file work-v7.txt (compact mmCIF, C-alpha atoms)
# COMPACT_ATOMS: atom_id res chain seq x y z
CA MET A 1 14.83 -25.46 -56.78
CA ALA A 2 12.75 -27.69 -54.49
CA GLY A 3 12.18 -31.35 -53.92
CA ILE A 4 15.71 -32.67 -54.48
CA THR A 5 15.99 -36.32 -53.52
CA PRO A 6 19.64 -37.40 -53.46
CA ASP A 7 20.30 -40.68 -55.24
CA PRO A 8 22.61 -42.79 -53.05
CA ALA A 9 24.12 -44.35 -56.17
CA THR A 10 25.33 -41.06 -57.64
CA ASP A 11 25.03 -38.20 -55.11
CA ILE A 12 27.32 -37.26 -52.25
CA LEU A 13 27.61 -34.45 -49.71
CA GLY A 14 31.01 -32.76 -49.53
CA ILE A 15 31.73 -31.17 -46.14
CA VAL A 16 34.51 -28.63 -46.58
CA ASP A 17 36.79 -27.64 -43.70
CA VAL A 18 34.24 -27.69 -40.87
CA GLN A 19 36.97 -27.15 -38.29
CA PRO A 20 37.17 -24.94 -35.18
CA THR A 21 40.11 -23.05 -36.71
CA PHE A 22 37.59 -21.37 -39.07
CA MET A 23 34.91 -20.71 -36.48
CA PRO A 24 34.38 -18.00 -33.84
CA GLY A 25 37.29 -18.24 -31.43
CA GLY A 26 39.50 -19.91 -34.03
CA GLU A 27 42.66 -18.65 -35.69
CA LEU A 28 40.96 -17.69 -38.97
CA PRO A 29 37.32 -17.19 -37.95
CA VAL A 30 34.52 -17.02 -40.48
CA GLN A 31 31.57 -15.02 -39.16
CA ASP A 32 28.87 -17.45 -37.95
CA GLY A 33 31.00 -20.33 -39.18
CA ASP A 34 29.69 -22.59 -36.44
CA ALA A 35 26.14 -22.11 -37.76
CA VAL A 36 26.84 -24.57 -40.57
CA VAL A 37 27.16 -27.53 -38.20
CA PRO A 38 23.46 -28.08 -37.34
CA VAL A 39 22.45 -27.60 -40.98
CA ILE A 40 24.99 -30.16 -42.15
CA ASN A 41 23.92 -32.56 -39.40
CA ARG A 42 20.31 -32.39 -40.61
CA LEU A 43 21.48 -33.24 -44.12
CA LEU A 44 23.52 -36.15 -42.80
CA ALA A 45 20.63 -37.43 -40.71
CA GLY A 46 18.17 -37.37 -43.57
CA PRO A 47 18.67 -37.08 -47.31
CA PHE A 48 22.37 -37.94 -47.71
CA LEU A 49 23.59 -41.48 -47.17
CA HIS A 50 27.13 -40.70 -48.35
CA ALA A 51 29.53 -37.90 -47.47
CA PHE A 52 33.18 -36.97 -47.51
CA ALA A 53 34.92 -34.26 -45.50
CA THR A 54 38.08 -32.21 -45.85
CA GLN A 55 40.47 -30.67 -43.36
CA ASP A 56 43.02 -27.91 -43.76
CA TRP A 57 46.09 -29.68 -42.40
CA HIS A 58 49.06 -27.33 -42.49
CA PRO A 59 52.50 -27.88 -41.00
CA ALA A 60 53.78 -25.14 -38.74
CA GLY A 61 55.52 -22.48 -40.81
CA HIS A 62 53.40 -23.13 -43.90
CA SER A 63 54.19 -20.81 -46.82
CA SER A 64 50.64 -19.40 -46.83
CA PHE A 65 51.04 -17.99 -43.32
CA ALA A 66 51.85 -14.30 -43.03
CA SER A 67 54.13 -15.23 -40.11
CA SER A 68 56.37 -17.10 -42.57
CA HIS A 69 57.11 -13.87 -44.47
CA PRO A 70 58.84 -11.20 -42.37
CA GLY A 71 57.18 -7.81 -42.69
CA LYS A 72 53.98 -9.21 -44.19
CA GLN A 73 50.53 -9.08 -42.59
CA PRO A 74 47.54 -11.42 -42.86
CA PHE A 75 45.38 -10.82 -45.95
CA GLU A 76 48.22 -9.28 -47.96
CA THR A 77 48.95 -10.96 -51.29
CA ILE A 78 52.33 -12.17 -52.49
CA GLU A 79 53.51 -13.99 -55.60
CA MET A 80 54.35 -17.65 -55.20
CA PRO A 81 55.77 -19.92 -57.93
CA TYR A 82 52.19 -21.05 -58.64
CA GLY A 83 50.71 -17.51 -58.72
CA PRO A 84 49.16 -14.97 -56.31
CA GLN A 85 48.79 -16.17 -52.73
CA THR A 86 46.73 -14.52 -50.00
CA LEU A 87 48.59 -14.66 -46.71
CA TRP A 88 46.61 -15.96 -43.75
CA PRO A 89 46.96 -16.06 -39.98
CA ASP A 90 48.45 -19.36 -38.82
CA HIS A 91 45.58 -21.86 -38.89
CA GLY A 92 44.73 -25.51 -39.35
CA ILE A 93 47.97 -26.69 -37.74
CA GLN A 94 48.42 -30.44 -38.06
CA GLY A 95 47.36 -32.30 -34.93
CA SER A 96 46.05 -29.24 -33.09
CA PRO A 97 42.57 -29.36 -31.53
CA SER A 98 41.36 -26.54 -33.80
CA ALA A 99 42.33 -28.50 -36.92
CA GLN A 100 40.11 -31.46 -36.07
CA LEU A 101 36.65 -31.83 -37.54
CA HIS A 102 34.21 -29.96 -35.30
CA LYS A 103 33.31 -32.09 -32.30
CA ASN A 104 29.57 -31.63 -32.87
CA LEU A 105 29.68 -32.69 -36.51
CA ALA A 106 27.80 -35.97 -37.04
CA GLN A 107 30.39 -38.18 -38.70
CA ALA A 108 28.75 -41.60 -39.08
CA ARG A 109 28.11 -41.11 -42.81
CA ILE A 110 31.47 -39.51 -43.58
CA GLU A 111 33.26 -42.19 -45.57
CA LEU A 112 36.45 -40.31 -46.47
CA VAL A 113 38.43 -37.46 -44.90
CA VAL A 114 40.78 -35.61 -47.26
CA ARG A 115 43.58 -33.64 -45.61
CA LYS A 116 44.87 -30.83 -47.79
CA GLY A 117 47.52 -28.15 -47.55
CA PHE A 118 50.06 -30.43 -45.92
CA HIS A 119 52.78 -29.62 -48.49
CA ARG A 120 54.71 -26.80 -46.85
CA GLU A 121 55.27 -24.79 -50.04
CA ILE A 122 51.79 -25.06 -51.63
CA ASP A 123 48.48 -23.85 -50.27
CA SER A 124 45.34 -25.86 -51.04
CA TYR A 125 41.86 -24.41 -51.34
CA SER A 126 40.18 -26.97 -53.59
CA THR A 127 39.21 -30.41 -52.41
CA PHE A 128 40.57 -31.73 -55.73
CA PHE A 129 43.83 -29.87 -56.41
CA GLU A 130 46.39 -27.94 -54.47
CA ASN A 131 46.97 -24.37 -55.60
CA ASP A 132 49.69 -25.26 -58.09
CA ARG A 133 46.78 -26.86 -60.03
CA ARG A 134 48.87 -29.99 -60.64
CA THR A 135 49.07 -31.75 -57.28
CA THR A 136 45.90 -33.76 -56.73
CA THR A 137 44.26 -34.80 -53.49
CA GLY A 138 43.02 -38.12 -54.89
CA LEU A 139 39.39 -37.22 -54.28
CA HIS A 140 38.36 -37.37 -57.94
CA GLY A 141 39.59 -40.95 -58.31
CA TRP A 142 37.74 -41.99 -55.17
CA LEU A 143 34.49 -40.40 -56.34
CA GLN A 144 34.82 -42.02 -59.76
CA ALA A 145 35.39 -45.42 -58.20
CA ARG A 146 32.21 -44.94 -56.18
CA GLY A 147 30.18 -43.89 -59.25
CA MET A 148 29.39 -40.43 -57.90
CA ARG A 149 28.18 -37.87 -60.45
CA ARG A 150 26.44 -35.12 -58.44
CA LEU A 151 28.30 -33.22 -55.75
CA PHE A 152 26.58 -31.14 -53.07
CA LEU A 153 28.94 -28.85 -51.17
CA ALA A 154 28.67 -27.42 -47.67
CA GLY A 155 31.12 -25.87 -45.24
CA LEU A 156 33.78 -23.16 -45.09
CA ALA A 157 34.43 -20.90 -46.68
CA THR A 158 32.01 -20.08 -49.48
CA ASP A 159 34.44 -17.78 -51.29
CA TYR A 160 37.58 -19.88 -50.97
CA CYS A 161 37.66 -23.62 -50.36
CA VAL A 162 34.00 -24.24 -51.24
CA ALA A 163 34.22 -22.07 -54.37
CA TRP A 164 37.47 -23.57 -55.65
CA SER A 165 36.13 -27.07 -55.00
CA ALA A 166 32.93 -26.30 -56.91
CA GLU A 167 34.83 -24.88 -59.89
CA ASP A 168 37.12 -27.87 -60.11
CA ALA A 169 34.23 -30.30 -59.75
CA VAL A 170 32.46 -28.74 -62.73
CA LYS A 171 35.63 -28.95 -64.81
CA LEU A 172 35.93 -32.62 -63.85
CA GLY A 173 32.42 -33.31 -65.12
CA TYR A 174 30.28 -33.34 -61.98
CA ALA A 175 26.93 -31.63 -61.57
CA VAL A 176 27.60 -29.30 -58.65
CA PHE A 177 25.33 -27.71 -56.07
CA VAL A 178 26.33 -25.33 -53.28
CA ILE A 179 24.00 -25.48 -50.26
CA GLU A 180 24.02 -21.83 -49.26
CA ASP A 181 22.67 -22.05 -45.71
CA ALA A 182 25.19 -24.83 -44.99
CA CYS A 183 28.07 -22.49 -45.95
CA ARG A 184 29.58 -19.27 -44.66
CA GLY A 185 32.15 -17.01 -46.34
CA ILE A 186 35.08 -14.81 -45.35
CA GLY A 187 33.99 -11.84 -47.48
CA LEU A 188 37.18 -9.90 -48.15
CA PRO A 189 36.82 -6.72 -50.25
CA ALA A 190 36.81 -7.39 -53.98
CA GLU A 191 35.85 -5.63 -57.19
CA GLY A 192 32.10 -5.20 -57.29
CA GLY A 193 31.56 -6.13 -53.63
CA THR A 194 33.19 -8.91 -51.66
CA THR A 195 34.95 -12.16 -52.44
CA ILE A 196 31.63 -13.92 -51.69
CA ASP A 197 29.86 -11.88 -54.39
CA ALA A 198 32.66 -12.51 -56.86
CA ALA A 199 32.67 -16.24 -56.13
CA LYS A 200 28.93 -16.56 -56.61
CA ARG A 201 29.08 -14.76 -59.97
CA ARG A 202 31.97 -16.95 -61.10
CA LEU A 203 30.34 -20.19 -59.99
CA THR A 204 26.96 -19.34 -61.49
CA ALA A 205 28.65 -18.61 -64.83
CA ALA A 206 30.38 -22.00 -64.61
CA GLY A 207 27.07 -23.81 -64.13
CA VAL A 208 27.09 -24.36 -60.36
CA GLN A 209 23.59 -24.31 -58.86
CA PHE A 210 22.86 -22.63 -55.53
CA VAL A 211 20.21 -24.24 -53.32
CA THR A 212 19.26 -24.28 -49.63
CA SER A 213 18.78 -27.19 -47.28
CA ALA A 214 15.00 -26.69 -47.58
CA ALA A 215 15.22 -28.09 -51.14
CA PHE A 216 15.92 -31.63 -49.97
CA ALA A 217 13.18 -34.17 -49.64
call {"tool": "encode", "arguments": {"input": "work-v7.txt", "output": "structure tokens"}}
result
Amino acid sequence: MAGITPDPATDILGIVDVQPTFMPGGELPVQDGDAVVPVINRLLAGPFLHAFATQDWHPAGHSSFASSHPGKQPFETIEMPYGPQTLWPDHGIQGSPSAQLHKNLAQARIELVVRKGFHREIDSYSTFFENDRRTTTGLHGWLQARGMRRLFLAGLATDYCVAWSAEDAVKLGYAVFVIEDACRGIGLPAEGGTTIDAAKRRLTAAGVQFVTSAAFA
């Protein structure tokens, strides 16, 4: 797809978890995670007049941390009351420097910052719902009030927070685009490849469109 011109009345850029905690040198690094920043900045400087951002914002001792479960290691899976939960290294700790939005991210057009994962007993991948699938972040109501209908997603990580956000956005009635070169994924092993491969298959089947930043006028 080429020649997309975002409509400022209906289109918004969603910047997911562009935080040092997910970048090289961070607590839960995504390979080349810092490479999304200049791509997102170009989108913010040009085609998109409106944007929101999210932050993982966990309290110390969050239930999704492997360190909160004696004998467990990062990337193991346990059962939580809301279903399977991947255990992660401690990351995105509230108030820490690595939990802030990346210092080089251009923020002038970011109109809302959603902090998620701050409930100690529930992890939160999606920008719309925490992982119990009942607790909302309030983002949907804000987007509705603004008249937004098309959502373009960028950030980290393709196979987790970006993917869950895209799925929920489709279910909520938005037209959803993932800007591939403005995202990076974790890529854990999964059936048929990696979690990135699985997420792309799932999102494509749901109607999410994958584009690159070159598509924007």
call {"tool": "residues_around", "arguments": {"input": "work-v7.txt", "residues": "Leu28 in chain A", "least_positions_apart": "5", "cutoff": "10 Å", "atoms": "all atoms listed in the file", "output": "PyMOL selection string"}}
result
chain A and resi 20-23+74+88-92+186
call {"tool": "residues_around", "arguments": {"input": "work-v7.txt", "residues": "range 163-167 of chain A", "least_positions_apart": "5", "cutoff": "12 Å", "atoms": "all atoms listed in the file", "output": "NGL selection string"}}
result
:A and (14-17 or 53-54 or 116 or 124-131 or 133 or 136-137 or 139-140 or 150-158 or 172-180 or 183-186 or 195-210)
call {"tool": "closest_residue", "arguments": {"input": "work-v7.txt", "among": "A:Asp11, A:Glu79, A:Asp32, A:Glu121", "to": "Phe52 in chain A", "atoms": "all atoms listed in the file"}}
result
A:Asp11
call {"tool": "closest_residue", "arguments": {"input": "work-v7.txt", "among": "A:Ser98, A:Thr135, A:Thr5, A:Gln144", "to": "Trp57 in chain A", "atoms": "all atoms listed in the file"}}
result
A:Ser98
call {"tool": "closest_residue", "arguments": {"input": "work-v7.txt", "among": "A:Ala108, A:Val162, A:Leu44, A:Ile122", "to": "Ser64 in chain A", "atoms": "all atoms listed in the file"}}
result
A:Ile122
call {"tool": "atom_distance", "arguments": {"input": "work-v7.txt", "atom1": "CA of His102 in chain A", "atom2": "CA of Ala145 in chain A"}}
result
27.7 Å
call {"tool": "decode", "arguments": {"input": "work-v7.txt", "residues": "range 111-140 of chain A", "atoms": "N, CA and C atoms", "output": "compact mmCIF listing (two decimals), in the first residue's frame"}}
result
# COMPACT_ATOMS: atom_id res chain seq x y z
N GLU A 111 -0.51 13.59 22.48
CA GLU A 111 -1.57 14.27 23.22
C GLU A 111 -2.02 13.52 24.46
N LEU A 112 -1.68 12.23 24.55
CA LEU A 112 -2.09 11.41 25.69
C LEU A 112 -1.02 10.36 25.93
N VAL A 113 -0.68 10.13 27.19
CA VAL A 113 0.20 9.03 27.57
C VAL A 113 -0.59 8.10 28.49
N VAL A 114 -0.72 6.85 28.07
CA VAL A 114 -1.44 5.83 28.83
C VAL A 114 -0.41 4.97 29.55
N ARG A 115 -0.52 4.90 30.86
CA ARG A 115 0.37 4.03 31.65
C ARG A 115 -0.40 2.76 31.98
N LYS A 116 0.21 1.63 31.66
CA LYS A 116 -0.47 0.35 31.81
C LYS A 116 0.40 -0.61 32.61
N GLY A 117 -0.27 -1.62 33.17
CA GLY A 117 0.46 -2.60 33.97
C GLY A 117 0.76 -2.15 35.38
N PHE A 118 0.03 -1.12 35.85
CA PHE A 118 0.33 -0.63 37.19
C PHE A 118 -0.43 -1.36 38.29
N HIS A 119 -1.40 -2.23 37.91
CA HIS A 119 -2.04 -3.10 38.89
C HIS A 119 -1.10 -4.28 39.17
N ARG A 120 -0.74 -4.45 40.40
CA ARG A 120 0.32 -5.41 40.76
C ARG A 120 -0.01 -6.84 40.32
N GLU A 121 -1.27 -7.24 40.31
CA GLU A 121 -1.62 -8.62 40.05
C GLU A 121 -2.06 -8.90 38.61
N ILE A 122 -2.01 -7.90 37.72
CA ILE A 122 -2.46 -8.10 36.35
C ILE A 122 -1.42 -7.51 35.41
N ASP A 123 -0.96 -8.29 34.46
CA ASP A 123 -0.09 -7.73 33.43
C ASP A 123 -0.95 -7.01 32.40
N SER A 124 -0.33 -6.21 31.55
CA SER A 124 -1.08 -5.45 30.55
C SER A 124 -0.25 -5.32 29.29
N TYR A 125 -0.65 -6.03 28.25
CA TYR A 125 0.00 -5.90 26.95
C TYR A 125 -0.72 -4.87 26.08
N SER A 126 -2.03 -5.00 25.99
CA SER A 126 -2.81 -4.14 25.10
C SER A 126 -2.87 -2.72 25.61
N THR A 127 -2.97 -1.78 24.68
CA THR A 127 -3.19 -0.39 25.05
C THR A 127 -4.64 -0.14 25.47
N PHE A 128 -5.51 -1.13 25.27
CA PHE A 128 -6.94 -0.96 25.57
C PHE A 128 -7.40 -1.70 26.82
N PHE A 129 -6.86 -2.90 27.05
CA PHE A 129 -7.30 -3.73 28.17
C PHE A 129 -6.09 -4.34 28.87
N GLU A 130 -6.22 -4.51 30.17
CA GLU A 130 -5.22 -5.30 30.86
C GLU A 130 -5.49 -6.78 30.57
N ASN A 131 -4.59 -7.66 30.99
CA ASN A 131 -4.65 -9.04 30.54
C ASN A 131 -5.80 -9.85 31.11
N ASP A 132 -6.52 -9.31 32.07
CA ASP A 132 -7.74 -10.00 32.51
C ASP A 132 -8.88 -9.79 31.52
N ARG A 133 -8.65 -8.91 30.52
CA ARG A 133 -9.60 -8.62 29.44
C ARG A 133 -10.83 -7.89 29.93
N ARG A 134 -10.85 -7.45 31.18
CA ARG A 134 -11.98 -6.68 31.72
C ARG A 134 -11.57 -5.26 32.11
N THR A 135 -10.38 -5.13 32.68
CA THR A 135 -9.91 -3.84 33.16
C THR A 135 -9.46 -3.00 31.96
N THR A 136 -10.10 -1.85 31.77
CA THR A 136 -9.77 -1.01 30.62
C THR A 136 -8.75 0.06 31.00
N THR A 137 -8.08 0.56 29.98
CA THR A 137 -7.13 1.66 30.18
C THR A 137 -7.78 3.03 29.99
N GLY A 138 -8.97 3.06 29.42
CA GLY A 138 -9.64 4.32 29.11
C GLY A 138 -9.32 4.87 27.74
N LEU A 139 -8.40 4.21 27.01
CA LEU A 139 -7.99 4.74 25.71
C LEU A 139 -9.14 4.76 24.71
N HIS A 140 -9.95 3.72 24.68
CA HIS A 140 -11.04 3.66 23.70
C HIS A 140 -11.98 4.85 23.86
